[in-house]
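Here the structure comes first, spelled out in structure tokens, and everything after it is commentary.
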Amino acid sequence: MDRDGRGWLPCLLGGAVFAVCMAGTTLPTPLYGLYQDKFGFSELTVTVVYAVYAFGVIGVLLLAGNASDTVGRRTVLLWGLGCAAASAVCFLCATGLGWLYAGRLLSGLSAGLFTGAATAYVMDLAPEGGASRATLVATAANMGGLGCGPLLAGLLAQYAPWPLYLPFGVHLALVACSVAVVARLPETVRERRPVGAVRPQRPALPAQVRAVFGPAATASFVGFALFGVFTSVSPAFLAESLDVRNHAVSGLVVALAFFASTGGQSAVGRVGAGRALPLGCAALLAGLALLAGALRWESLALVVLSALVGGAGQGLAFRAALSAVAEASPPQRRAAVISTLFVVAYAGISVPVIGVGLLTDPLGLEGAGLVFIACMAVLVASAAAYLFRRPLPARA
């Protein structure tokens with residue numbers, strides 16, 4: 001047992017570093033209201049500040065998504081931690097809106113560098129025969145880290161001094177510890193090449209993937225859009241409509257969606273991707289309906305249920321989509337196809353969220369949210385109907 005524990009220690013340390021980086025990307029979520037009070041910007045600006053993160057992720061995925069295969073995992077993770085540290089410094093120094101944009105962009109760059117490299121590294125570091133458990137470690141680190149960010153910031157902002165500074169100071173310390181951990185972990189890429197060998201990845205969609213990719217990408221887009229709305233405007237809704245101004249509660253509501261996603265992703269192995277994707281679509285529809293009810297009747301209980309049900313649906317749908325697309329892709333094109341799926345998913349975090357921000361002035365937060373929900377419901381219902389007519393192969 002001790003030997004097995006030592007064998008898993010590098011994998012678990014890699015997962016901890018992954019979680020630290022991802023926590024930094026959602027750390028500002030419960031703090032946007034404080035920044036609005038400090039700098040005096042609108043709800044549209046909040047959504048744009050949030051969406052800048054997605055543009056950073058997409059840019060890295062397209063330009064350097066395969067960098068860790070070329071220059072090594074540790075090098076890319078250190079770059080990502082450097083971007084995470086720079087992002088924290090931007091928020092610590094923020095004296096205007098420009099600092100927030102810079103911080104979010106750097107945060108997106110760090111997440112883009114980590115998304116593929118850290119997942120591969122965690123799996124590389126696992127003992128032989130531990131691929132399935134390593135996948136769960138990577139999933140839990142990714143979504144768990146995203147959930148811990150708003151929870152940590154909300155608790156510190158509510159119950160500790162310096163709410164706009166202490167969360168980023170703590171994260172900066174965690175990033176420094178992560179750098180020390182990565183420096184001691186082994187490199188798993190044996191044949192490394194110089195940075196100049198990294199080439200941009202073009203989005204690719206071979207003919208045999210298209211039938212699977214459509215519903216998979218649609219469900220991924222809607223799931224990430226739901227997360228985008230939760231992390232950008234739910235604190236404002238809680239404060240303005242429900243008079244919930246406790247930052248810890250705001251952070252917890254957002255964290256619940258990410259934790260539920262972790263649970264949904266871990267269930268895919270038992271359910272199978274063929275059934276998990278339509279089930280995920282159904283759960284996403286239910287989560288959207290609960291969110292509509294929360295907006296209409298101004299109910300905190302429905303907000304929490306929406307986070308749990310929608311988060312679980314996102315986890316089921318996205319991991320099933322990833323499995324199905326990977327299974328349908330030819331081996332030599334698989335990485336490019338998966339990168340295309342991630343680009344679509346992260347577009348879901350940015351485009352609909354900005355749309356909600358644009359509609360908030362003329363329609364109000366409730367009206368804008370209901371328009372968003374209606375559009376996303378049509379998309380995910382279309383994907384579910386397609387899957388009902390043409391189910392995925394069971395082997396996915």
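All residue names refer to the structure tokens as shown: chains lettered A, B, ... in order, residues numbered from 1 in each chain, ligands numbered from 1 in order.
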
> So which residues touch Trp8 (chain A) within 8 Å, counting only C-alpha atoms, skipping near sequence neighbours fewer than 6 positions away, as a PyMOL selection string?
Replying inline: chain A and resi 125-127

Go ahead and save the residues from that selection, with C-alpha atoms, as a short mmCIF file (atom, residue, chain, number, x, y, z; two decimals), in the first residue's frame.
data_model
loop_
_atom_site.label_atom_id
_atom_site.label_comp_id
_atom_site.auth_asym_id
_atom_site.auth_seq_id
_atom_site.Cartn_x
_atom_site.Cartn_y
_atom_site.Cartn_z
CA LEU A 125 2.85 10.50 -14.15
CA ALA A 126 0.37 7.77 -13.19
CA PRO A 127 1.69 4.27 -12.40
#

> Could you name the residues that touch Gln158 (chain A) at 9 Å or less, counting only C-alpha atoms, but leaving out those on the same chain fewer than 4 positions away, as a PyMOL selection string?
Replying inline: chain A and resi 153-154+163+246-248

> Looking at A:Ala180, A:Val170, A:Leu284, A:Val356, which one is nearest to Val89 (chain A), with distances taken over only C-alpha atoms?
Replying inline: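 That would be A:Val170, the residue with the smallest distance to Val89 (chain A).
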
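Using only C-alpha atoms, the shortest contact distance between Ala320 (chain A) and any of A:Pro362, A:Pro10, A:Pro194, A:Gly264 is found at A:Gly264.
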
> Using only C-alpha atoms, which of the listed residues (A:Val52, A:Leu100, A:Ala377, A:Val195) sits closest to Ala282 (chain A)?
Replying inline: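 The shortest atom-to-atom distance to Ala282 (chain A) comes from A:Ala377.
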
>> Just to confirm, what's the straight-line distance from CA of Ala328 (chain A) to CA of Leu136 (chain A) in Å (one decimal)?
In response: 22.0 Å

Can you list, as a compact mmCIF listing (two decimals) with all heavy atoms, in the first residue's frame, every protein, DNA or RNA residue that comes within 9 Å of Leu291 (chain A) when you count only C-alpha atoms, leaving out same-chain residues fewer than 6 positions away?
# COMPACT_ATOMS: atom_id res chain seq x y z
N LEU A 302 -33.93 27.60 -6.34
CA LEU A 302 -33.90 27.20 -7.75
C LEU A 302 -32.55 27.53 -8.38
O LEU A 302 -32.09 26.81 -9.27
CB LEU A 302 -35.03 27.88 -8.52
CG LEU A 302 -36.45 27.37 -8.23
CD1 LEU A 302 -37.48 28.16 -9.04
CD2 LEU A 302 -36.56 25.89 -8.53
N VAL A 303 -31.91 28.60 -7.95
CA VAL A 303 -30.55 28.91 -8.44
C VAL A 303 -29.60 27.78 -8.07
O VAL A 303 -28.81 27.30 -8.89
CB VAL A 303 -30.05 30.25 -7.87
CG1 VAL A 303 -28.59 30.47 -8.25
CG2 VAL A 303 -30.88 31.40 -8.40
N VAL A 304 -29.67 27.33 -6.82
CA VAL A 304 -28.79 26.25 -6.35
C VAL A 304 -29.09 24.95 -7.11
O VAL A 304 -28.17 24.26 -7.57
CB VAL A 304 -28.96 26.04 -4.83
CG1 VAL A 304 -28.20 24.80 -4.38
CG2 VAL A 304 -28.46 27.27 -4.08
N LEU A 305 -30.38 24.62 -7.28
CA LEU A 305 -30.74 23.41 -8.03
C LEU A 305 -30.27 23.50 -9.47
O LEU A 305 -29.80 22.52 -10.06
CB LEU A 305 -32.25 23.21 -7.98
CG LEU A 305 -32.81 22.59 -6.70
CD1 LEU A 305 -34.34 22.59 -6.74
CD2 LEU A 305 -32.29 21.17 -6.53
N SER A 306 -30.39 24.68 -10.05
CA SER A 306 -29.93 24.87 -11.43
C SER A 306 -28.43 24.64 -11.54
O SER A 306 -27.95 24.00 -12.49
CB SER A 306 -30.26 26.30 -11.89
OG SER A 306 -29.69 26.57 -13.15
N ALA A 307 -27.67 25.13 -10.55
CA ALA A 307 -26.22 24.91 -10.56
C ALA A 307 -25.89 23.43 -10.47
O ALA A 307 -25.02 22.93 -11.20
CB ALA A 307 -25.58 25.68 -9.40
N GLY A 310 -27.60 21.55 -13.79
CA GLY A 310 -26.92 21.99 -15.01
C GLY A 310 -25.44 21.61 -15.00
O GLY A 310 -24.90 21.22 -16.03
N GLY A 369 -31.46 37.12 -19.23
CA GLY A 369 -31.25 35.72 -18.86
C GLY A 369 -32.26 34.80 -19.51
O GLY A 369 -31.91 33.70 -19.96
N LEU A 370 -33.51 35.23 -19.59
CA LEU A 370 -34.54 34.38 -20.20
C LEU A 370 -34.32 34.23 -21.70
O LEU A 370 -34.56 33.14 -22.26
CB LEU A 370 -35.93 34.96 -19.91
CG LEU A 370 -36.38 34.89 -18.44
CD1 LEU A 370 -37.69 35.64 -18.23
CD2 LEU A 370 -36.53 33.43 -18.00
N ILE A 373 -31.56 31.70 -22.03
CA ILE A 373 -32.04 30.35 -21.72
C ILE A 373 -32.83 29.79 -22.90
O ILE A 373 -32.67 28.62 -23.28
CB ILE A 373 -32.89 30.37 -20.44
CG1 ILE A 373 -31.99 30.61 -19.22
CG2 ILE A 373 -33.67 29.07 -20.27
CD1 ILE A 373 -32.74 30.98 -17.97

Which polymer residues have any atom within 9 Å of an atom of Thr119 (chain A), counting only C-alpha atoms, with same-chain residues fewer than 2 positions away left out, as a short mmCIF file (atom, residue, chain, number, x, y, z; two decimals) with N, CA and C atoms, in the first residue's frame?
data_model
loop_
_atom_site.label_atom_id
_atom_site.label_comp_id
_atom_site.auth_asym_id
_atom_site.auth_seq_id
_atom_site.Cartn_x
_atom_site.Cartn_y
_atom_site.Cartn_z
N GLY A 14 0.88 16.56 -9.53
CA GLY A 14 0.57 17.19 -10.81
C GLY A 14 -0.88 17.67 -10.85
N GLY A 15 -1.80 16.85 -10.29
CA GLY A 15 -3.19 17.27 -10.22
C GLY A 15 -3.38 18.49 -9.32
N PHE A 18 -2.40 21.50 -11.24
CA PHE A 18 -3.46 21.77 -12.21
C PHE A 18 -4.60 22.53 -11.52
N PHE A 114 -2.42 25.14 -19.77
CA PHE A 114 -2.58 24.02 -18.83
C PHE A 114 -3.56 22.96 -19.32
N THR A 115 -4.61 23.36 -20.03
CA THR A 115 -5.71 22.44 -20.34
C THR A 115 -5.23 21.12 -20.93
N GLY A 116 -4.43 21.19 -21.99
CA GLY A 116 -3.94 19.96 -22.60
C GLY A 116 -2.70 19.42 -21.91
N ALA A 117 -1.75 20.32 -21.60
CA ALA A 117 -0.46 19.88 -21.06
C ALA A 117 -0.61 19.23 -19.69
N TYR A 121 0.11 15.45 -18.61
CA TYR A 121 1.16 15.24 -17.61
C TYR A 121 0.66 14.37 -16.46
N VAL A 122 -0.56 14.65 -15.99
CA VAL A 122 -1.14 13.85 -14.91
C VAL A 122 -1.23 12.38 -15.34
N MET A 123 -1.62 12.14 -16.58
CA MET A 123 -1.73 10.77 -17.07
C MET A 123 -0.34 10.15 -17.26
N ASP A 124 0.62 10.95 -17.71
CA ASP A 124 2.00 10.45 -17.86
C ASP A 124 2.59 10.01 -16.52
N ALA A 134 -6.11 8.04 -13.39
CA ALA A 134 -5.42 9.29 -13.71
C ALA A 134 -6.35 10.26 -14.43
N THR A 135 -7.22 9.73 -15.30
CA THR A 135 -8.20 10.58 -15.98
C THR A 135 -9.12 11.24 -14.97
N VAL A 137 -8.34 11.87 -11.83
CA VAL A 137 -7.53 12.88 -11.13
C VAL A 137 -7.49 14.17 -11.94
N ALA A 138 -7.26 14.04 -13.26
CA ALA A 138 -7.18 15.23 -14.11
C ALA A 138 -8.53 15.96 -14.16
N THR A 139 -9.62 15.19 -14.29
CA THR A 139 -10.96 15.78 -14.33
C THR A 139 -11.27 16.50 -13.03
N ASN A 142 -9.20 19.69 -12.72
CA ASN A 142 -9.66 20.75 -13.62
C ASN A 142 -10.93 21.41 -13.08
#

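Closest to Phe388 (chain A) among A:Pro278, A:Gly293, A:Gly169, A:Pro30 is A:Pro278, based on only C-alpha atoms.
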